[in-house]
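Asker: This is run.cif, which holds mmCIF, C-alpha atoms:
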data_data
#
loop_
_atom_site.label_atom_id
_atom_site.label_comp_id
_atom_site.auth_asym_id
_atom_site.auth_seq_id
_atom_site.Cartn_x
_atom_site.Cartn_y
_atom_site.Cartn_z
CA MET P 1 76.92 -22.24 15.61
CA ASP P 2 74.37 -23.32 18.18
CA GLU P 3 74.12 -26.96 18.89
CA ILE P 4 71.03 -28.80 17.71
CA ARG P 5 68.91 -30.14 20.55
CA LEU P 6 66.16 -32.68 20.39
CA ILE P 7 62.85 -31.99 22.14
CA GLU P 8 60.54 -34.91 22.58
CA VAL P 9 56.95 -34.11 21.53
CA LYS P 10 55.08 -37.44 21.25
CA GLU P 11 51.75 -35.85 20.48
CA ASP P 12 48.96 -36.98 18.20
CA ILE P 13 47.69 -33.96 16.29
CA GLN P 14 44.17 -35.40 16.24
CA ALA P 15 44.10 -35.62 20.03
CA ASP P 16 42.36 -32.25 20.52
CA ASN P 17 39.61 -33.06 18.05
CA GLU P 18 39.11 -36.48 19.58
CA LYS P 19 38.76 -34.93 23.02
CA ILE P 20 36.09 -32.54 21.76
CA ALA P 21 34.35 -35.44 19.99
CA GLU P 22 34.30 -37.51 23.19
CA GLU P 23 32.88 -34.55 25.10
CA LEU P 24 30.15 -34.14 22.50
CA ARG P 25 29.29 -37.86 22.65
CA ARG P 26 28.97 -37.64 26.43
CA ARG P 27 26.65 -34.66 26.14
CA LEU P 28 24.53 -36.33 23.46
CA SER P 29 24.25 -39.39 25.60
CA ASP P 30 22.87 -37.25 28.46
CA GLN P 31 20.48 -35.49 26.08
CA LYS P 32 19.51 -38.80 24.47
CA ILE P 33 20.25 -37.62 20.95
CA PHE P 34 21.49 -40.25 18.50
CA LEU P 35 23.96 -38.51 16.16
CA VAL P 36 24.75 -40.16 12.83
CA ASN P 37 27.53 -38.96 10.53
CA LEU P 38 26.60 -39.67 6.91
CA MET P 39 29.38 -39.53 4.34
CA SER P 40 29.68 -40.20 0.61
CA SER P 41 30.93 -38.78 -2.70
CA PRO P 42 29.00 -35.87 -4.20
CA GLY P 43 25.94 -37.21 -5.96
CA ALA P 44 25.77 -40.59 -4.20
CA GLY P 45 22.38 -39.58 -2.81
CA LYS P 46 22.93 -38.32 0.74
CA THR P 47 20.03 -35.87 0.71
CA SER P 48 17.61 -38.32 -0.95
CA VAL P 49 18.57 -41.10 1.45
CA ILE P 50 18.04 -38.78 4.41
CA LEU P 51 14.61 -37.72 3.17
CA LYS P 52 13.53 -41.33 2.48
CA THR P 53 14.78 -42.48 5.85
CA ILE P 54 12.90 -39.74 7.69
CA GLU P 55 9.76 -40.50 5.71
CA GLN P 56 10.06 -44.21 6.54
CA LEU P 57 10.40 -43.51 10.26
CA ARG P 58 7.86 -40.70 10.50
CA GLY P 59 5.82 -40.94 13.69
CA GLU P 60 8.43 -43.26 15.16
CA LEU P 61 11.50 -41.05 15.57
CA ALA P 62 11.93 -37.27 15.34
CA PHE P 63 14.81 -36.18 13.11
CA GLY P 64 17.02 -33.13 12.75
CA VAL P 65 19.61 -32.60 10.03
CA LEU P 66 22.95 -30.81 10.07
CA GLU P 67 23.82 -29.88 6.50
CA ALA P 68 27.44 -29.30 5.59
CA ASP P 69 27.53 -28.92 1.88
CA ILE P 70 30.07 -26.37 0.76
CA ASP P 71 28.65 -22.84 0.60
CA SER P 72 25.23 -23.68 -0.65
CA THR P 73 21.88 -24.01 1.03
CA VAL P 74 20.33 -26.26 -1.63
CA ASP P 75 20.28 -29.37 0.55
CA ALA P 76 19.09 -27.59 3.71
CA GLU P 77 16.23 -26.05 1.76
CA LYS P 78 15.19 -29.45 0.41
CA VAL P 79 15.26 -30.97 3.88
CA ALA P 80 13.46 -28.04 5.50
CA ALA P 81 10.83 -28.19 2.76
CA ALA P 82 10.11 -31.74 3.90
CA GLY P 83 9.26 -30.34 7.32
CA VAL P 84 12.43 -31.45 9.05
CA ARG P 85 14.44 -29.26 11.39
CA ALA P 86 17.67 -28.45 9.55
CA VAL P 87 20.68 -26.24 10.05
CA GLN P 88 23.06 -25.30 7.26
CA LEU P 89 26.71 -25.19 8.25
CA ARG P 90 28.66 -22.98 5.91
CA THR P 91 31.98 -24.77 5.84
CA GLY P 92 33.56 -22.03 3.75
CA GLY P 93 35.29 -24.42 1.39
CA PHE P 94 36.36 -26.88 4.08
CA CYS P 95 36.50 -30.43 2.82
CA HIS P 96 35.15 -32.05 5.98
CA LEU P 97 33.56 -31.44 9.36
CA ASP P 98 35.30 -31.85 12.68
CA ALA P 99 33.92 -32.10 16.21
CA THR P 100 34.18 -28.36 16.86
CA MET P 101 32.15 -27.51 13.76
CA VAL P 102 29.51 -30.10 14.63
CA THR P 103 29.30 -28.85 18.22
CA LYS P 104 28.71 -25.33 16.90
CA GLY P 105 26.20 -26.54 14.34
CA LEU P 106 24.19 -28.37 16.98
CA GLU P 107 23.93 -25.13 18.98
CA GLY P 108 21.94 -23.74 16.06
CA LEU P 109 19.51 -26.65 16.06
CA ASP P 110 16.66 -26.85 18.55
CA LEU P 111 17.22 -30.36 19.95
CA GLU P 112 14.07 -30.36 22.09
CA GLY P 113 11.99 -33.41 21.22
CA LEU P 114 14.48 -34.80 18.68
CA ASP P 115 15.69 -38.40 18.79
CA VAL P 116 18.10 -38.55 15.87
CA VAL P 117 20.31 -35.94 14.21
CA ILE P 118 21.90 -36.82 10.89
CA ILE P 119 25.02 -34.97 9.79
CA GLU P 120 25.15 -34.66 6.03
CA ASN P 121 28.92 -34.38 5.77
CA VAL P 122 30.76 -32.72 2.88
CA GLY P 123 30.61 -34.87 -0.27
CA ASN P 124 34.02 -36.50 -0.41
CA LEU P 125 35.38 -39.97 0.47
CA VAL P 126 38.81 -38.80 1.60
CA CYS P 127 38.85 -35.97 4.14
CA PRO P 128 35.74 -36.66 6.25
CA ALA P 129 37.14 -40.11 7.06
CA GLU P 130 40.01 -38.56 9.01
CA PHE P 131 38.02 -36.48 11.47
CA ASP P 132 35.93 -37.69 14.37
CA THR P 133 32.74 -35.59 14.37
CA GLY P 134 31.47 -36.78 17.74
CA ALA P 135 28.80 -38.91 16.07
CA ILE P 136 27.61 -42.12 17.72
CA ARG P 137 27.62 -43.98 14.39
CA ASN P 138 29.36 -43.39 11.08
CA ALA P 139 27.49 -44.32 7.93
CA MET P 140 28.52 -44.07 4.30
CA ILE P 141 26.79 -44.34 0.98
CA LEU P 142 28.33 -45.88 -2.10
CA SER P 143 26.15 -45.58 -5.17
CA VAL P 144 26.23 -48.25 -7.87
CA PRO P 145 27.43 -45.90 -10.68
CA GLU P 146 30.56 -45.11 -8.65
CA GLY P 147 31.77 -48.71 -8.99
CA ASP P 148 32.64 -51.66 -6.75
CA ASP P 149 36.32 -50.67 -6.59
CA LYS P 150 35.87 -47.84 -4.09
CA PRO P 151 37.06 -49.82 -1.04
CA LEU P 152 40.39 -50.17 -2.85
CA LYS P 153 40.64 -46.45 -3.55
CA TYR P 154 39.32 -45.08 -0.27
CA PRO P 155 40.15 -47.77 2.30
CA LEU P 156 40.13 -45.42 5.29
CA MET P 157 36.50 -44.40 4.75
CA PHE P 158 35.45 -48.06 4.68
CA THR P 159 37.31 -48.79 7.90
CA VAL P 160 35.82 -45.93 9.94
CA CYS P 161 32.15 -46.53 9.07
CA ASP P 162 29.76 -48.84 10.92
CA VAL P 163 27.34 -49.15 8.06
CA LEU P 164 27.43 -49.03 4.26
CA LEU P 165 24.41 -48.13 2.18
CA VAL P 166 24.78 -49.30 -1.39
CA ASN P 167 22.42 -46.85 -3.07
CA LYS P 168 20.95 -46.73 -6.59
CA ILE P 169 20.65 -50.51 -6.91
CA ASP P 170 18.06 -49.76 -9.62
CA TYR P 171 21.15 -49.09 -11.80
CA LEU P 172 22.61 -52.57 -11.25
CA GLY P 173 21.33 -53.92 -14.56
CA LEU P 174 23.04 -51.09 -16.44
CA SER P 175 26.45 -51.52 -14.91
CA ASP P 176 29.19 -54.08 -14.28
CA PHE P 177 29.04 -53.40 -10.54
CA ASP P 178 29.51 -56.75 -8.75
CA MET P 179 27.87 -56.84 -5.31
CA ASP P 180 29.74 -60.00 -4.23
CA VAL P 181 33.07 -58.43 -5.14
CA LEU P 182 32.13 -55.30 -3.20
CA ARG P 183 31.17 -57.34 -0.13
CA GLU P 184 34.43 -59.24 -0.27
CA ARG P 185 36.45 -56.02 -0.57
CA VAL P 186 34.61 -54.48 2.37
CA ALA P 187 35.15 -57.58 4.51
CA ARG P 188 38.91 -57.29 4.04
CA LEU P 189 38.85 -53.84 5.62
CA ASN P 190 35.95 -53.96 8.02
CA PRO P 191 34.24 -57.32 8.50
CA GLY P 192 31.83 -55.90 11.08
CA MET P 193 30.41 -53.36 8.64
CA ARG P 194 26.65 -53.65 8.06
CA ILE P 195 25.73 -53.46 4.38
CA PHE P 196 22.29 -52.47 3.11
CA GLU P 197 21.40 -52.53 -0.57
CA MET P 198 18.84 -49.89 -1.42
CA SER P 199 17.44 -47.37 -3.83
CA ALA P 200 16.27 -44.05 -2.45
CA LYS P 201 14.53 -43.53 -5.77
CA THR P 202 12.40 -46.68 -5.90
CA GLY P 203 12.30 -47.14 -2.13
CA GLN P 204 13.66 -50.68 -2.37
CA GLY P 205 15.63 -51.66 0.73
CA VAL P 206 14.92 -48.39 2.55
CA LYS P 207 12.92 -50.19 5.23
CA GLU P 208 15.72 -52.61 6.17
CA TRP P 209 18.18 -49.76 6.68
CA ALA P 210 15.62 -47.60 8.49
CA ASP P 211 14.76 -50.50 10.82
CA TRP P 212 18.42 -50.95 11.67
CA LEU P 213 18.81 -47.22 12.34
CA SER P 214 15.69 -47.22 14.47
CA ARG P 215 16.93 -50.17 16.55
CA GLU P 216 20.34 -48.57 17.04
CA ALA P 217 18.81 -45.21 18.00
CA ARG P 218 16.34 -46.79 20.43
CA SER P 219 18.94 -48.90 22.16
CA PHE P 220 21.10 -45.78 22.48
CA VAL P 221 18.31 -43.60 23.81
CA HIS P 222 16.85 -46.20 26.17
CA GLY P 223 20.02 -48.17 26.77
CA MET Z 1 41.88 -31.75 0.93
CA HIS Z 2 42.68 -31.11 4.55
CA GLU Z 3 46.41 -30.36 4.42
CA LEU Z 4 45.69 -26.91 5.82
CA GLN Z 5 44.09 -28.15 9.01
CA VAL Z 6 46.66 -30.88 9.52
CA THR Z 7 49.63 -28.56 9.02
CA GLU Z 8 48.05 -25.93 11.25
CA ARG Z 9 47.79 -28.51 14.03
CA ILE Z 10 51.39 -29.61 13.49
CA LEU Z 11 52.52 -25.99 13.77
CA ASP Z 12 50.47 -25.42 16.95
CA VAL Z 13 51.85 -28.55 18.55
CA VAL Z 14 55.51 -27.83 17.78
CA LEU Z 15 55.29 -24.18 18.83
CA LYS Z 16 53.69 -25.25 22.11
CA HIS Z 17 56.51 -27.71 22.78
CA ALA Z 18 59.24 -25.26 21.75
CA ALA Z 19 57.95 -22.63 24.18
CA GLY Z 20 59.89 -22.54 27.41
CA HIS Z 21 62.91 -24.35 25.99
CA ASP Z 22 64.81 -21.22 24.96
CA VAL Z 23 64.46 -22.12 21.28
CA SER Z 24 65.58 -19.66 18.63
CA SER Z 25 64.52 -21.82 15.72
CA ILE Z 26 62.93 -25.19 14.94
CA VAL Z 27 65.03 -26.94 12.30
CA VAL Z 28 63.46 -30.37 11.77
CA ILE Z 29 60.07 -31.80 12.74
CA HIS Z 30 59.91 -35.57 12.91
CA LEU Z 31 56.47 -36.89 12.05
CA ARG Z 32 54.98 -40.34 11.85
CA ILE Z 33 52.01 -40.48 9.50
CA GLY Z 34 49.88 -43.54 8.82
CA GLU Z 35 50.11 -45.20 5.42
CA LEU Z 36 46.32 -44.78 5.06
CA SER Z 37 46.59 -40.99 5.01
CA ASP Z 38 46.12 -39.54 1.55
CA LEU Z 39 48.29 -36.51 2.25
CA GLU Z 40 51.47 -36.17 0.21
CA ASP Z 41 54.75 -35.21 1.89
CA GLU Z 42 55.49 -32.51 -0.66
CA TRP Z 43 52.18 -30.75 -0.14
CA LEU Z 44 52.38 -30.95 3.62
CA GLN Z 45 55.75 -29.23 3.40
CA ARG Z 46 54.40 -26.52 1.10
CA TYR Z 47 51.45 -25.77 3.35
CA PHE Z 48 53.75 -25.81 6.34
CA ASP Z 49 56.20 -23.38 4.73
CA TYR Z 50 53.34 -21.00 4.09
CA LEU Z 51 51.80 -21.24 7.56
CA SER Z 52 55.05 -21.12 9.51
CA ARG Z 53 56.29 -17.82 8.09
CA GLY Z 54 57.33 -15.45 10.85
CA THR Z 55 57.25 -18.19 13.53
CA LEU Z 56 60.02 -20.18 15.24
CA ALA Z 57 59.28 -22.98 12.80
CA GLU Z 58 59.93 -20.95 9.66
CA ASN Z 59 62.07 -22.99 7.25
CA ALA Z 60 61.72 -26.14 9.33
CA ARG Z 61 61.91 -29.38 7.39
CA LEU Z 62 59.21 -31.99 7.87
CA ALA Z 63 60.88 -35.38 8.20
CA ILE Z 64 58.02 -37.76 7.55
CA GLU Z 65 58.16 -41.44 8.29
CA ARG Z 66 55.18 -43.55 7.25
CA ALA Z 67 53.62 -45.85 9.80
CA PRO Z 68 52.56 -49.15 8.28
CA ILE Z 69 48.97 -50.33 8.02
CA VAL Z 70 48.46 -53.01 10.63
CA MET Z 71 45.50 -55.36 10.42
CA ARG Z 72 44.23 -57.96 12.84
CA CYS Z 73 42.87 -61.14 11.33
CA GLU Z 74 39.29 -62.02 12.24
CA GLY Z 75 40.12 -65.70 11.85
CA CYS Z 76 43.18 -66.34 14.00
CA GLY Z 77 43.57 -62.99 15.77
CA SER Z 78 47.15 -62.42 14.66
CA SER Z 79 48.28 -58.93 13.61
CA PHE Z 80 50.29 -58.25 10.49
CA GLU Z 81 51.50 -55.35 8.38
CA ILE Z 82 50.11 -54.81 4.95
CA LYS Z 83 50.91 -52.45 2.08
CA ARG Z 84 48.19 -50.15 0.85
CA GLU Z 85 48.44 -51.67 -2.64
CA GLY Z 86 48.20 -55.11 -1.05
CA LEU Z 87 44.74 -54.55 0.43
CA LYS Z 88 43.12 -55.90 -2.71
CA GLU Z 89 44.55 -59.41 -2.63
CA ALA Z 90 45.72 -59.81 0.94
CA LEU Z 91 45.24 -62.98 2.95
CA CYS Z 92 46.29 -63.48 6.55
CA PRO Z 93 49.85 -64.87 6.55
CA GLY Z 94 48.88 -67.04 9.52
CA CYS Z 95 45.67 -68.73 8.43
CA GLY Z 96 44.72 -67.49 4.96
CA GLU Z 97 41.59 -65.66 6.12
CA SER Z 98 40.54 -62.53 4.20
CA ARG Z 99 38.56 -60.66 6.88
CA PHE Z 100 40.58 -58.05 8.75
CA ARG Z 101 40.14 -55.21 11.18
CA LEU Z 102 42.30 -52.08 11.17
CA VAL Z 103 44.66 -51.76 14.13
CA SER Z 104 46.75 -48.79 13.02
CA GLY Z 105 47.78 -46.88 9.94
CA ARG Z 106 45.80 -43.66 10.23
CA GLU Z 107 47.83 -41.70 12.76
CA TYR Z 108 49.35 -38.21 12.60
CA PHE Z 109 52.00 -38.21 15.26
CA VAL Z 110 54.61 -35.56 16.05
CA LYS Z 111 57.58 -37.53 17.44
CA ASN Z 112 60.11 -34.84 18.24
CA ILE Z 113 61.69 -31.63 17.01
CA GLU Z 114 65.27 -30.61 16.39
CA VAL Z 115 65.86 -27.08 17.59
CA VAL Z 116 68.65 -24.56 18.09
#
Take the structure in this file and express it as structure tokens.
Answerer:
Amino acid sequence: MDEIRLIEVKEDIQADNEKIAEELRRRLSDQKIFLVNLMSSPGAGKTSVILKTIEQLRGELAFGVLEADIDSTVDAEKVAAAGVRAVQLRTGGFCHLDATMVTKGLEGLDLEGLDVVIIENVGNLVCPAEFDTGAIRNAMILSVPEGDDKPLKYPLMFTVCDVLLVNKIDYLGLSDFDMDVLRERVARLNPGMRIFEMSAKTGQGVKEWADWLSREARSFVHG
Amino acid sequence: MHELQVTERILDVVLKHAAGHDVSSIVVIHLRIGELSDLEDEWLQRYFDYLSRGTLAENARLAIERAPIVMRCEGCGSSFEIKREGLKEALCPGCGESRFRLVSGREYFVKNIEVV
């Protein structure tokens, strides 16, 4: 019987992806493209929020969109119909995007003249949180009908995002969603997280979020 | 879920480290996975068994140790461990503050491998 030997490995399996993500961030910084990774559950309103945001900042910033919904082109078609440059990434059933997929996707998008590219990540609060996409900022949407308990169920997502959009606040009167409780739960995980209450449907609060995004993008591009 | 990608990476990493060490088989893979990961040990092993067929790591056992969630208090700056279930009610043991920042708890780390 051969003797068992121990080989030291000491390797983080995310290290490769993080290296590719860092490389992408460096390139984007040279190209002056502000890349935002937008994550949420299915149906929280990613596509509507993107369209409203672009509409709000029309004439101010030029947007492109990287769509990653699983094997469908519904969202890309909606975005393209609004006159925005969009690329559909067929993730082939993958539950998330990583930096390699985003790098590839960006090759399919004409970046000339763009200021901001929004990644519409796969709808899911678990997997996308684990993978660095190379984005400059991570944003997430939580919609009111999903409930104020989501930071307890998906803590990782709430710790990796810089900004939280609480969407569908027009439903607040119909639900027991408690905004103060949500804010307290978020603060326990990520006190620096910016929170914007909004409704992509009524347009309420869209401006505040869009202004923040615009400031962040400008300071990145000109900074 | 992303078990497939995670187990693929684990397999790549261990095969890379086994190469050049005159290994005939990898028996145990010691992993340290953050408490915040949603991946279950049993499923990681099943995916791994499937992917590792025909490689040096076929039949290897994944020995998974969970790395605790560590938070740093925004109030007093001290770091402390916290259970996932405890996130809801937690207060800083030092000063009673309830605003924290994540220090660790999301890693996927291959520590070492036992080989013959």
Asker: Using the chain letters and residue numbers of this document, give as a list in words the residues selected by the PyMOL selection byres ((chain Z and resi 112) around 8).
Answerer: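 For this structure, the PyMOL selection byres ((chain Z and resi 112) around 8) resolves to Leu6, Ile7, Glu8, Val9 and Lys10 of chain P; Ile29, His30, Leu31, Val110, Lys111, Ile113 and Glu114 of chain Z.
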Asker: For Gly43 (chain P), which of P:Phe220, P:Gly123, P:Gly205, P:Val163 is the closest residue, counting only C-alpha atoms?
Answerer: P:Gly123
Asker: From the list P:Arg188, P:Arg5, P:Arg25, P:Arg183, which residue is nearest Phe100 (chain Z) when using all atoms listed in the file?
Answerer: P:Arg188
Asker: Please, which residues of chain P lie no more than 10 Å from chain Z when the count uses all atoms listed in the file, and can they be set out as an MDAnalysis selection string?
Answerer: chainID P and resid 1:16 93:96 124 126:131 149 151:157 159:160 184:192
Asker: Tell me which residues the PyMOL selection byres ((chain P and resi 22) around 12) grabs here, as a ChimeraX atom specification.
Answerer: /P:15-21,23-29,98-100,103,132-136
Asker: What does the distance between CA of Ala80 (chain P) and CA of Thr47 (chain P) come to in Å, to one decimal place?
Answerer: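 Atom-to-atom, CA of Ala80 (chain P) and CA of Thr47 (chain P) are spaced 11.3 Å apart.
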Asker: CA of Asp115 (chain P) and CA of Ala217 (chain P) are how many Å apart?
Answerer: 7.5 Å
Asker: Kindly resolve the PyMOL selection byres ((chain P and resi 81-84) around 10) on the present coordinates and return the residues as a short mmCIF file (atom, residue, chain, number, x, y, z; two decimals) with C-alpha atoms, in the coordinates of the input.
Answerer:
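Saved as result19.cif:
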data_model
loop_
_atom_site.label_atom_id
_atom_site.label_comp_id
_atom_site.auth_asym_id
_atom_site.auth_seq_id
_atom_site.Cartn_x
_atom_site.Cartn_y
_atom_site.Cartn_z
CA LEU P 51 14.61 -37.72 3.17
CA ILE P 54 12.90 -39.74 7.69
CA GLU P 55 9.76 -40.50 5.71
CA ALA P 62 11.93 -37.27 15.34
CA PHE P 63 14.81 -36.18 13.11
CA GLY P 64 17.02 -33.13 12.75
CA VAL P 65 19.61 -32.60 10.03
CA ASP P 75 20.28 -29.37 0.55
CA ALA P 76 19.09 -27.59 3.71
CA GLU P 77 16.23 -26.05 1.76
CA LYS P 78 15.19 -29.45 0.41
CA VAL P 79 15.26 -30.97 3.88
CA ALA P 80 13.46 -28.04 5.50
CA ARG P 85 14.44 -29.26 11.39
CA ALA P 86 17.67 -28.45 9.55
CA VAL P 87 20.68 -26.24 10.05
#
Asker: To one decimal in Å, tell me the separation between CA of Glu197 (chain P) and CA of Leu125 (chain P).
Answerer: 18.8 Å
